[in-house]
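What follows is work27.cif (mmCIF, C-alpha atoms and all ligand atoms).
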```
data_target
#
loop_
_atom_site.label_atom_id
_atom_site.label_comp_id
_atom_site.auth_asym_id
_atom_site.auth_seq_id
_atom_site.Cartn_x
_atom_site.Cartn_y
_atom_site.Cartn_z
CA MET A 22 10.42 -9.24 24.36
CA ASN A 23 9.73 -8.01 27.90
CA ASN A 24 10.48 -4.60 29.41
CA GLN A 25 13.86 -5.73 30.71
CA ASP A 26 14.86 -6.99 27.23
CA LEU A 27 13.86 -3.64 25.76
CA LEU A 28 15.77 -1.66 28.40
CA THR A 29 18.85 -3.75 27.72
CA ILE A 30 18.52 -3.07 23.99
CA ALA A 31 18.15 0.69 24.60
CA GLU A 32 21.24 0.61 26.76
CA LYS A 33 23.30 -1.40 24.31
CA PHE A 34 22.30 0.34 21.08
CA GLY A 35 21.34 3.76 22.44
CA SER A 36 18.14 5.69 21.83
CA PRO A 37 16.10 6.17 19.82
CA VAL A 38 16.01 2.63 18.42
CA TYR A 39 13.58 0.41 16.54
CA VAL A 40 13.23 -3.20 17.70
CA TYR A 41 11.43 -6.00 15.85
CA ASP A 42 10.37 -9.27 17.41
CA ALA A 43 11.03 -11.99 14.81
CA GLU A 44 8.87 -14.49 16.68
CA LYS A 45 5.84 -12.19 16.42
CA ILE A 46 6.41 -11.78 12.68
CA ILE A 47 6.65 -15.55 12.31
CA SER A 48 3.49 -16.18 14.33
CA GLN A 49 1.51 -13.63 12.28
CA TYR A 50 2.72 -15.28 9.08
CA LYS A 51 1.71 -18.71 10.35
CA ARG A 52 -1.65 -17.41 11.51
CA LEU A 53 -2.37 -16.14 8.00
CA THR A 54 -1.18 -19.25 6.17
CA GLY A 55 -3.01 -21.41 8.73
CA ALA A 56 -6.28 -19.61 8.04
CA PHE A 57 -5.92 -20.47 4.34
CA SER A 58 -4.49 -23.96 4.73
CA LYS A 59 -7.30 -25.47 2.67
CA VAL A 60 -6.29 -23.46 -0.39
CA LYS A 61 -4.13 -25.70 -2.58
CA ASN A 62 -1.86 -22.95 -3.89
CA LEU A 63 -1.42 -20.03 -1.50
CA ARG A 64 1.14 -17.25 -1.93
CA ILE A 65 1.87 -14.54 0.62
CA HIS A 66 3.75 -11.58 -0.79
CA TYR A 67 5.01 -9.40 2.02
CA ALA A 68 4.51 -5.69 1.22
CA VAL A 69 8.05 -4.36 1.36
CA LYS A 70 7.11 -0.73 1.87
CA ALA A 71 5.83 -1.45 5.40
CA LEU A 72 9.31 -2.30 6.67
CA SER A 73 12.02 -2.74 4.10
CA ASN A 74 15.16 -3.75 6.00
CA ILE A 75 16.87 -6.55 4.06
CA SER A 76 17.09 -8.73 7.17
CA ILE A 77 13.29 -8.57 7.39
CA LEU A 78 13.03 -9.44 3.69
CA SER A 79 15.40 -12.32 4.24
CA LEU A 80 13.30 -13.52 7.18
CA PHE A 81 10.23 -13.59 4.93
CA LYS A 82 12.18 -15.40 2.22
CA ASN A 83 13.10 -18.09 4.74
CA LEU A 84 9.47 -18.39 5.81
CA GLY A 85 8.58 -19.12 2.20
CA ALA A 86 6.94 -15.77 1.44
CA GLY A 87 7.39 -13.71 -1.70
CA LEU A 88 7.41 -9.92 -1.88
CA ASP A 89 5.05 -7.21 -3.02
CA THR A 90 6.97 -4.21 -4.33
CA VAL A 91 6.01 -0.75 -5.55
CA SER A 92 9.32 0.57 -6.90
CA ILE A 93 12.33 -0.79 -8.77
CA GLN A 94 14.41 -0.01 -5.68
CA GLU A 95 12.21 -2.29 -3.57
CA VAL A 96 12.62 -4.99 -6.21
CA LYS A 97 16.40 -4.60 -5.99
CA LEU A 98 16.27 -4.82 -2.19
CA GLY A 99 14.33 -8.06 -2.51
CA LEU A 100 16.85 -9.49 -4.97
CA LYS A 101 19.69 -8.40 -2.68
CA ALA A 102 17.99 -10.26 0.17
CA GLY A 103 18.10 -13.37 -2.03
CA VAL A 104 14.45 -13.54 -3.04
CA ASP A 105 13.92 -15.19 -6.42
CA PRO A 106 12.46 -12.73 -8.99
CA SER A 107 9.65 -15.22 -9.71
CA GLN A 108 8.52 -14.71 -6.11
CA ILE A 109 8.22 -10.93 -6.47
CA ILE A 110 5.21 -9.00 -7.71
CA TYR A 111 5.61 -5.39 -8.75
CA THR A 112 2.53 -3.19 -8.29
CA PRO A 113 3.50 0.35 -9.17
CA ASN A 114 1.19 3.32 -9.54
CA GLY A 115 1.97 6.20 -11.86
CA VAL A 116 5.41 4.79 -12.71
CA SER A 117 7.04 5.24 -16.12
CA LEU A 118 6.91 2.57 -18.83
CA GLU A 119 10.73 2.48 -18.79
CA GLU A 120 10.85 1.46 -15.12
CA ILE A 121 8.18 -1.21 -15.65
CA GLU A 122 10.15 -2.62 -18.60
CA LYS A 123 13.32 -2.79 -16.51
CA VAL A 124 11.54 -4.67 -13.75
CA ALA A 125 9.95 -7.06 -16.27
CA GLU A 126 13.42 -7.83 -17.64
CA MET A 127 14.46 -8.96 -14.15
CA GLY A 128 11.85 -11.71 -14.31
CA VAL A 129 9.49 -10.11 -11.81
CA GLN A 130 5.69 -10.42 -12.13
CA ILE A 131 4.31 -7.14 -13.45
CA ASN A 132 0.99 -5.78 -12.23
CA ILE A 133 -0.44 -2.94 -14.33
CA ASP A 134 -3.02 -0.50 -13.03
CA ASN A 135 -3.84 1.79 -15.93
CA LEU A 136 -5.00 1.42 -19.54
CA SER A 137 -2.33 3.62 -21.06
CA ILE A 138 0.57 1.54 -19.77
CA LEU A 139 -1.33 -1.69 -20.42
CA GLU A 140 -1.67 -0.80 -24.08
CA GLN A 141 1.93 0.42 -24.45
CA PHE A 142 3.44 -2.51 -22.55
CA GLY A 143 1.23 -5.07 -24.31
CA THR A 144 2.11 -3.65 -27.72
CA LYS A 145 5.87 -3.82 -27.06
CA HIS A 146 6.01 -7.03 -25.00
CA PRO A 147 3.01 -9.21 -25.82
CA GLN A 148 4.93 -12.30 -24.65
CA VAL A 149 5.41 -11.05 -21.04
CA PRO A 150 2.59 -12.25 -18.79
CA VAL A 151 0.94 -9.38 -16.94
CA CYS A 152 -1.42 -9.09 -14.01
CA ILE A 153 -4.00 -6.33 -13.99
CA ARG A 154 -5.03 -4.37 -10.95
CA ILE A 155 -8.71 -3.59 -10.91
CA ASN A 156 -10.63 -1.14 -8.79
CA PRO A 157 -13.81 -2.91 -7.67
CA HIS A 158 -15.27 0.34 -6.32
CA VAL A 159 -16.21 -1.31 -3.09
CA MET A 160 -15.59 -0.08 0.37
CA ALA A 161 -17.06 -0.63 3.75
CA GLY A 162 -19.58 1.99 4.78
CA GLY A 163 -20.90 1.73 8.29
CA ASN A 164 -21.42 -1.68 9.80
CA THR A 165 -22.77 -4.01 7.19
CA ASN A 166 -23.43 -1.54 4.40
CA ILE A 167 -21.77 -2.15 1.14
CA SER A 168 -21.32 1.13 -0.55
CA VAL A 169 -19.87 1.88 -3.91
CA GLY A 170 -17.01 4.25 -3.50
CA HIS A 171 -13.43 4.99 -4.29
CA ILE A 172 -14.49 6.52 -7.59
CA ASP A 173 -11.77 9.07 -7.02
CA SER A 174 -9.06 6.58 -6.17
CA LYS A 175 -5.97 6.81 -8.37
CA PHE A 176 -5.37 3.07 -7.96
CA GLY A 177 -6.44 0.32 -10.29
CA ILE A 178 -8.41 0.04 -13.50
CA SER A 179 -12.11 0.57 -12.94
CA ILE A 180 -14.22 -2.56 -13.37
CA HIS A 181 -16.36 -0.43 -15.67
CA GLN A 182 -13.39 -0.28 -18.03
CA ILE A 183 -13.10 -4.06 -18.42
CA PRO A 184 -14.47 -3.90 -21.99
CA HIS A 185 -11.58 -1.58 -22.86
CA VAL A 186 -9.09 -3.91 -21.13
CA LEU A 187 -10.42 -6.82 -23.18
CA ARG A 188 -10.03 -4.84 -26.38
CA ILE A 189 -6.40 -3.99 -25.53
CA VAL A 190 -5.67 -7.63 -24.69
CA GLU A 191 -7.20 -8.80 -27.94
CA ASN A 192 -5.49 -6.15 -30.07
CA THR A 193 -2.04 -6.73 -28.58
CA GLY A 194 -2.28 -10.50 -28.08
CA MET A 195 -0.86 -10.06 -24.58
CA ASN A 196 -1.22 -12.66 -21.86
CA ILE A 197 -3.06 -11.75 -18.65
CA ASN A 198 -1.99 -14.25 -15.99
CA GLY A 199 -3.35 -12.58 -12.84
CA ILE A 200 -6.14 -10.39 -11.50
CA HIS A 201 -5.47 -8.16 -8.52
CA MET A 202 -7.19 -5.75 -6.19
CA HIS A 203 -5.96 -3.79 -3.22
CA THR A 204 -8.46 -1.27 -2.06
CA GLY A 205 -6.23 0.07 0.67
CA SER A 206 -9.06 0.27 3.15
CA ASP A 207 -9.30 -1.88 6.23
CA ILE A 208 -11.06 -5.21 6.00
CA LEU A 209 -13.18 -4.94 9.09
CA ASP A 210 -16.30 -6.22 7.54
CA ILE A 211 -15.60 -9.60 6.04
CA GLU A 212 -18.84 -9.56 4.07
CA VAL A 213 -17.71 -6.44 2.23
CA PHE A 214 -14.45 -8.09 1.38
CA LEU A 215 -16.22 -11.21 0.15
CA TYR A 216 -18.48 -9.02 -1.97
CA ALA A 217 -15.40 -7.42 -3.53
CA SER A 218 -13.98 -10.90 -4.16
CA GLU A 219 -17.07 -11.77 -6.20
CA ILE A 220 -16.29 -8.79 -8.43
CA LEU A 221 -12.76 -10.11 -8.78
CA PHE A 222 -14.10 -13.53 -9.81
CA ASP A 223 -16.46 -11.91 -12.31
CA THR A 224 -13.49 -10.12 -13.83
CA ALA A 225 -11.43 -13.30 -13.82
CA ARG A 226 -14.04 -15.13 -15.92
CA HIS A 227 -13.07 -12.90 -18.87
CA PHE A 228 -9.52 -14.28 -18.96
CA LYS A 229 -8.67 -17.83 -19.94
CA GLU A 230 -4.97 -18.00 -19.05
CA LEU A 231 -5.01 -16.97 -15.41
CA GLU A 232 -2.53 -18.41 -12.94
CA PHE A 233 -3.44 -16.42 -9.85
CA ILE A 234 -5.90 -14.08 -8.18
CA ASP A 235 -4.42 -11.54 -5.78
CA PHE A 236 -6.69 -10.17 -3.07
CA GLY A 237 -4.25 -7.50 -1.91
CA SER A 238 -4.32 -6.56 1.72
CA GLY A 239 -6.17 -4.43 4.20
CA PHE A 240 -5.88 -6.68 7.24
CA LYS A 241 -6.37 -4.57 10.31
CA VAL A 242 -4.38 -5.05 13.48
CA PRO A 243 -5.28 -3.73 16.95
CA TYR A 244 -3.53 -0.50 17.96
CA LYS A 245 -5.13 -0.22 21.37
CA GLU A 246 -7.11 -2.34 23.73
CA GLY A 247 -10.61 -2.94 22.44
CA ASP A 248 -9.72 -2.26 18.78
CA ILE A 249 -11.43 -4.52 16.30
CA GLU A 250 -9.13 -6.53 14.11
CA THR A 251 -9.81 -8.52 10.98
CA ASN A 252 -11.03 -11.99 11.87
CA ILE A 253 -8.49 -13.80 9.69
CA GLU A 254 -9.77 -17.23 10.63
CA GLU A 255 -13.34 -16.44 9.59
CA LEU A 256 -12.12 -14.75 6.41
CA GLY A 257 -9.97 -17.79 5.67
CA GLU A 258 -12.86 -20.16 6.04
CA LYS A 259 -15.30 -18.15 3.94
CA LEU A 260 -12.96 -17.00 1.20
CA THR A 261 -11.44 -20.47 0.83
CA LYS A 262 -14.88 -21.91 0.07
CA LYS A 263 -15.58 -19.25 -2.53
CA PHE A 264 -12.13 -19.52 -4.05
CA ASN A 265 -12.13 -23.30 -4.29
CA SER A 266 -15.53 -23.35 -5.92
CA PHE A 267 -14.42 -20.66 -8.36
CA CYS A 268 -11.37 -22.76 -9.29
CA LYS A 269 -13.62 -25.74 -9.97
CA GLU A 270 -15.77 -23.61 -12.26
CA TYR A 271 -12.71 -22.11 -13.93
CA GLY A 272 -11.30 -25.56 -14.51
CA ARG A 273 -7.88 -24.94 -13.01
CA ASP A 274 -6.26 -24.70 -9.57
CA LEU A 275 -5.36 -21.05 -9.42
CA THR A 276 -3.05 -19.54 -6.84
CA LEU A 277 -4.63 -17.36 -4.18
CA ALA A 278 -2.32 -14.48 -3.30
CA PHE A 279 -2.30 -11.89 -0.54
CA GLU A 280 0.11 -9.03 0.06
CA PRO A 281 -0.06 -7.89 3.66
CA GLY A 282 2.38 -5.46 5.21
CA LYS A 283 0.89 -4.12 8.41
CA PHE A 284 -0.61 -7.43 9.52
CA LEU A 285 2.76 -9.17 9.38
CA VAL A 286 5.02 -6.59 11.00
CA SER A 287 3.10 -3.85 12.82
CA GLU A 288 2.75 -5.47 16.22
CA ALA A 289 6.25 -6.94 16.10
CA GLY A 290 7.81 -3.48 16.30
CA LYS A 291 8.66 -1.31 19.31
CA PHE A 292 10.15 2.15 19.09
CA LEU A 293 12.24 3.11 22.10
CA VAL A 294 12.94 6.74 22.93
CA LYS A 295 14.46 8.54 25.87
CA VAL A 296 12.79 11.41 27.72
CA ASN A 297 15.02 14.49 27.49
CA VAL A 298 12.88 17.01 29.30
CA ILE A 299 9.76 17.14 31.45
CA LYS A 300 8.17 20.52 30.87
CA GLN A 301 5.26 21.78 32.92
CA THR A 302 3.15 24.43 31.24
CA THR A 303 -0.03 26.13 32.34
CA SER A 304 -2.14 23.50 30.59
CA THR A 305 -0.25 20.21 30.48
CA VAL A 306 2.89 18.28 31.29
CA PHE A 307 5.06 17.63 28.26
CA ALA A 308 7.36 14.66 28.10
CA GLN A 309 9.85 15.62 25.39
CA VAL A 310 11.64 12.68 23.83
CA ASP A 311 14.76 12.35 21.70
CA SER A 312 12.76 11.83 18.50
CA GLY A 313 10.03 13.41 16.43
CA PHE A 314 8.10 12.96 13.21
CA ASN A 315 11.44 12.54 11.50
CA HIS A 316 11.44 9.03 13.01
CA LEU A 317 7.77 8.20 13.46
CA ILE A 318 5.30 10.25 11.48
CA ARG A 319 2.13 8.15 11.68
CA PRO A 320 0.54 10.01 14.62
CA MET A 321 0.98 13.38 12.89
CA PHE A 322 0.38 12.17 9.31
CA TYR A 323 -2.57 9.85 9.81
CA GLY A 324 -3.67 10.68 13.34
CA SER A 325 -2.70 7.12 14.31
CA ARG A 326 -2.69 6.16 17.93
CA HIS A 327 0.37 4.32 19.18
CA GLU A 328 0.25 3.12 22.76
CA ILE A 329 3.16 4.43 24.81
CA HIS A 330 4.56 2.73 27.91
CA ASN A 331 7.12 4.00 30.37
CA ILE A 332 9.22 0.85 30.58
CA SER A 333 11.60 2.48 33.08
CA ASN A 334 8.75 2.79 35.59
CA PRO A 335 6.06 0.31 34.55
CA GLU A 336 4.55 -0.01 38.01
CA GLY A 337 4.42 3.73 38.73
CA LYS A 338 1.36 5.82 39.41
CA GLU A 339 -0.44 6.88 36.21
CA ARG A 340 -0.45 10.56 35.29
CA PHE A 341 -1.42 12.56 32.21
CA TYR A 342 1.21 13.59 29.67
CA SER A 343 1.57 15.07 26.25
CA VAL A 344 4.37 13.16 24.60
CA VAL A 345 6.13 15.35 22.06
CA GLY A 346 9.39 15.30 20.14
CA TYR A 347 12.47 17.47 19.83
CA ILE A 348 11.81 18.70 16.29
CA CYS A 349 11.37 22.41 15.62
CA GLU A 350 7.87 21.88 14.34
CA THR A 351 4.75 20.66 16.11
CA ASP A 352 5.34 16.96 16.63
CA THR A 353 2.84 15.57 19.08
CA PHE A 354 2.99 11.80 19.45
CA ALA A 355 0.21 11.71 22.00
CA GLY A 356 -1.85 14.36 23.77
CA ASN A 357 -3.23 14.00 27.26
CA ARG A 358 -2.20 10.35 27.55
CA ARG A 359 -2.30 8.33 30.76
CA ILE A 360 1.21 6.94 31.33
CA THR A 361 2.98 5.75 34.47
CA GLU A 362 4.96 8.60 36.06
CA ILE A 363 7.79 9.80 33.83
CA LYS A 364 11.17 11.15 34.92
CA GLU A 365 13.81 12.69 32.69
CA GLY A 366 16.00 9.89 31.35
CA ASP A 367 13.22 7.30 31.31
CA ILE A 368 12.77 5.05 28.27
CA LEU A 369 9.36 5.07 26.60
CA ALA A 370 8.26 2.27 24.28
CA PHE A 371 5.82 2.86 21.40
CA ASP A 372 3.69 -0.10 20.33
CA ASN A 373 2.86 -1.07 16.74
CA ALA A 374 6.12 0.38 15.49
CA GLY A 375 6.81 -2.27 12.86
CA ALA A 376 4.81 -1.04 9.86
CA TYR A 377 5.21 2.35 8.16
CA CYS A 378 7.40 3.71 10.93
CA PHE A 379 11.09 3.39 10.10
CA SER A 380 10.22 3.11 6.40
CA MET A 381 8.64 6.58 6.50
CA SER A 382 11.43 8.20 8.51
CA SER A 383 13.48 11.14 7.28
CA ASN A 384 16.42 13.36 8.13
CA PHE A 385 14.34 16.43 8.96
CA ASN A 386 16.28 18.76 11.28
CA SER A 387 19.40 16.96 9.98
CA ARG A 388 18.94 14.28 12.61
CA PHE A 389 20.16 10.73 12.16
CA ARG A 390 17.73 7.94 11.46
CA PRO A 391 17.70 5.39 14.30
CA PRO A 392 19.25 1.94 14.25
CA GLU A 393 17.10 -1.16 13.82
CA VAL A 394 17.42 -4.30 15.92
CA LEU A 395 15.94 -7.74 15.24
CA TRP A 396 15.13 -9.80 18.31
CA TYR A 397 15.07 -13.59 18.05
CA GLN A 398 15.17 -16.20 20.81
CA GLY A 399 16.60 -13.85 23.40
CA GLU A 400 19.26 -12.48 21.08
CA ALA A 401 19.42 -8.89 19.74
CA TYR A 402 20.82 -8.52 16.21
CA LEU A 403 21.72 -5.09 14.87
CA ILE A 404 20.23 -4.93 11.35
CA ARG A 405 20.84 -1.24 10.63
CA GLU A 406 23.37 1.08 12.15
CA ARG A 407 22.47 4.49 13.46
CA GLU A 408 23.26 7.09 10.83
CA THR A 409 26.28 9.30 11.19
CA PHE A 410 27.16 12.81 10.12
CA GLU A 411 28.68 11.34 6.92
CA ASP A 412 25.24 10.00 5.98
CA ILE A 413 23.82 13.50 6.32
CA THR A 414 26.44 15.09 4.09
CA ARG A 415 26.79 12.24 1.55
CA GLY A 416 26.00 13.43 -1.94
CA GLN A 417 25.92 17.08 -0.99
CA LEU A 418 28.19 19.34 -3.02
CA GLN A 419 29.34 22.55 -1.47
CA VAL A 420 29.16 25.19 -4.18
CA GLU A 421 30.43 28.62 -3.21
CA LEU A 422 28.91 31.24 -5.45
CA ASN A 423 31.00 34.16 -6.51
CA LEU A 424 28.87 36.86 -4.95
CA PRO A 425 29.41 40.49 -5.91
CA VAL A 426 30.83 42.32 -2.92
C1 LIG A 501 0.84 -0.90 0.72
C2 LIG A 501 0.33 -2.02 -0.07
C3 LIG A 501 0.04 -3.24 0.55
C4 LIG A 501 0.14 -3.49 2.03
O1 LIG A 501 -0.90 -2.90 2.75
P1 LIG A 501 -1.01 -3.14 4.35
O2 LIG A 501 -2.14 -2.29 4.77
O3 LIG A 501 0.28 -2.74 4.97
O4 LIG A 501 -1.26 -4.57 4.56
C5 LIG A 501 -0.37 -4.27 -0.28
N1 LIG A 501 -0.49 -4.11 -1.62
C6 LIG A 501 -0.22 -2.95 -2.24
C7 LIG A 501 -0.35 -2.84 -3.70
C8 LIG A 501 0.19 -1.86 -1.49
O5 LIG A 501 0.44 -0.70 -2.10
#
```
Rewrite the coordinates I just gave you, this time as structure tokens.
Ligand SMILES: *Cc1c(COP(=O)(O)O)cnc(C)c1O
Amino acid sequence: MNNQDLLTIAEKFGSPVYVYDAEKIISQYKRLTGAFSKVKNLRIHYAVKALSNISILSLFKNLGAGLDTVSIQEVKLGLKAGVDPSQIIYTPNGVSLEEIEKVAEMGVQINIDNLSILEQFGTKHPQVPVCIRINPHVMAGGNTNISVGHIDSKFGISIHQIPHVLRIVENTGMNINGIHMHTGSDILDIEVFLYASEILFDTARHFKELEFIDFGSGFKVPYKEGDIETNIEELGEKLTKKFNSFCKEYGRDLTLAFEPGKFLVSEAGKFLVKVNVIKQTTSTVFAQVDSGFNHLIRPMFYGSRHEIHNISNPEGKERFYSVVGYICETDTFAGNRRITEIKEGDILAFDNAGAYCFSMSSNFNSRFRPPEVLWYQGEAYLIRERETFEDITRGQLQVELNLPV
């Protein structure tokens, strides 16, 4: 996907528009599976919430991936995309027992992350195999420090509560078929991750009927030049050794599962916007684009840095800009950023726009959400239409109150 391809897409589908490079998604998937090729049974469950368009889900299905879901709606999207329920894992947090029961009925693997639901679900459905999500209380601190943290995290069952888990399992006669962790923090330090995996193995030793161990995600991708990224190959080599020797000890070939979102789709995405206005102020030059945090909230929400390129003038002289949106609210995408000279009407491309970008978009300011385009072998496929005014008004009921006059 070069600049000319992107300009053609912006022209054809209008701006703003999200574009995803299928070949990049495929190569990331193959890089991950390649790194773990010496694991006999490997499962990659793509985390739907990162980018949930059904064409993306269908792409992952065709690659042989399963799905990681966090809501019944995500499960339904996966089924609609044609993914077999046995290839879907459901890892909710703070969700009602009723929703979990409905998802279990669909034949989806349930992953439970609190004792209350574990006990209630196990009592009512002891025959349904369940995975448990543990919180290993491990996170990277500094370079090679392993610090105990995440005590306050709302996710997972604390490893200190394993005795209580075991009591529930024994009392209900339920079947635990998987152990899971997803700390949510970036795996930059492989040693820390391997340390956490030991805790997972220790937990696994308590259960005799396991089929899989799920190591969650946390793979970091580069957002700008010089960023460190997870060394997947090194992780693959080291974790494979540990995993295979654990399986030998356990006496069964378990499945090793991962559930990456960002790693698989972040870099594949570009977000294209058009510059409406160049506004000089006393302190900066604003480039105001036809978007805002209604379409891409990561810079404002997480302080994430997305590289921005002026693809209409890629060879121009570099100048400093504050790139902001058109929302009536502070919506700074980038402050004081060096970008090649921008004119009104130019198309800017945001990098790393695949994960948590469209999927976190909204209709704030009653603006339409952008279309999504999938790019494959030189061909642009529209996979979501731009919203229309009907989408904004759908479901709204105009009630006119009888006001006293
Ligand atoms: C969000 C999420 C993921 C994906 O995390 P990434 O950082 O996008 O790889 C995986 N597992 C669970 C349970 C999640 O909630």
Which residues are near ligand LIG 501 (chain A) - at most 9 Å, using all atoms listed in the file? Format: as number ranges by chain. A: 66-71, 89-91, 111-114, 154, 176, 201-207, 236-241, 279-287, 376-377
Using all atoms listed in the file, which residue out of A:Phe264, A:Phe81, A:Trp396, A:Phe142 lies closest to Asp42 (chain A)?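 Once distances to Asp42 (chain A) are computed over all atoms listed in the file, the minimum belongs to A:Trp396.
Straight-line separation from CA of Phe322 (chain A) to CA of Val159 (chain A): 24.7 Å.
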Using all atoms listed in the file, which residue out of A:Ser325, A:Asn156, A:Gln398, A:Thr305 lies closest to Gln182 (chain A)?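 Looking only at the distances to Gln182 (chain A), the closest residue turns out to be A:Asn156.
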Quick one: residues within 9 Å of Ile368 (chain A), all atoms listed in the file counted, chain neighbours fewer than 2 positions away excluded, as a VMD selection string? chain A and resid 28 31 36 293 to 296 310 330 to 334 363 365 to 366 370
Counting all atoms listed in the file, which residues have an atom no more than 12 Å from (-16.4, -7.1, -4.9) in the file's coordinates? Please list them as a ChimeraX atom specification. /A:155-161,167-170,179-180,201-204,211-225,236
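Using only C-alpha atoms, the nearest neighbour of Tyr244 (chain A) within the list A:Gly375, A:Gly177, A:Leu231, A:Thr276 is A:Gly375.
Counting all atoms listed in the file, the residue from A:Glu350, A:Glu119, A:Glu393, A:Glu230 that sits nearest to Glu408 (chain A) is A:Glu393.
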Near Ile413 (chain A), within 12 Å and counting only C-alpha atoms, which residues show up once chain neighbours fewer than 6 positions away are dropped, as a PDB file with C-alpha atoms, keeping the file's coordinate frame?
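Contents of part36.pdb, freshly written:
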```
ATOM      1  CA  SER A 383      13.480  11.140   7.280  1.00  0.00           C
ATOM      2  CA  ASN A 384      16.420  13.360   8.130  1.00  0.00           C
ATOM      3  CA  PHE A 385      14.340  16.430   8.960  1.00  0.00           C
ATOM      4  CA  ASN A 386      16.280  18.760  11.280  1.00  0.00           C
ATOM      5  CA  SER A 387      19.400  16.960   9.980  1.00  0.00           C
ATOM      6  CA  ARG A 388      18.940  14.280  12.610  1.00  0.00           C
ATOM      7  CA  PHE A 389      20.160  10.730  12.160  1.00  0.00           C
ATOM      8  CA  ARG A 390      17.730   7.940  11.460  1.00  0.00           C
ATOM      9  CA  ARG A 407      22.470   4.490  13.460  1.00  0.00           C
TER      10      ARG A 407
END
```
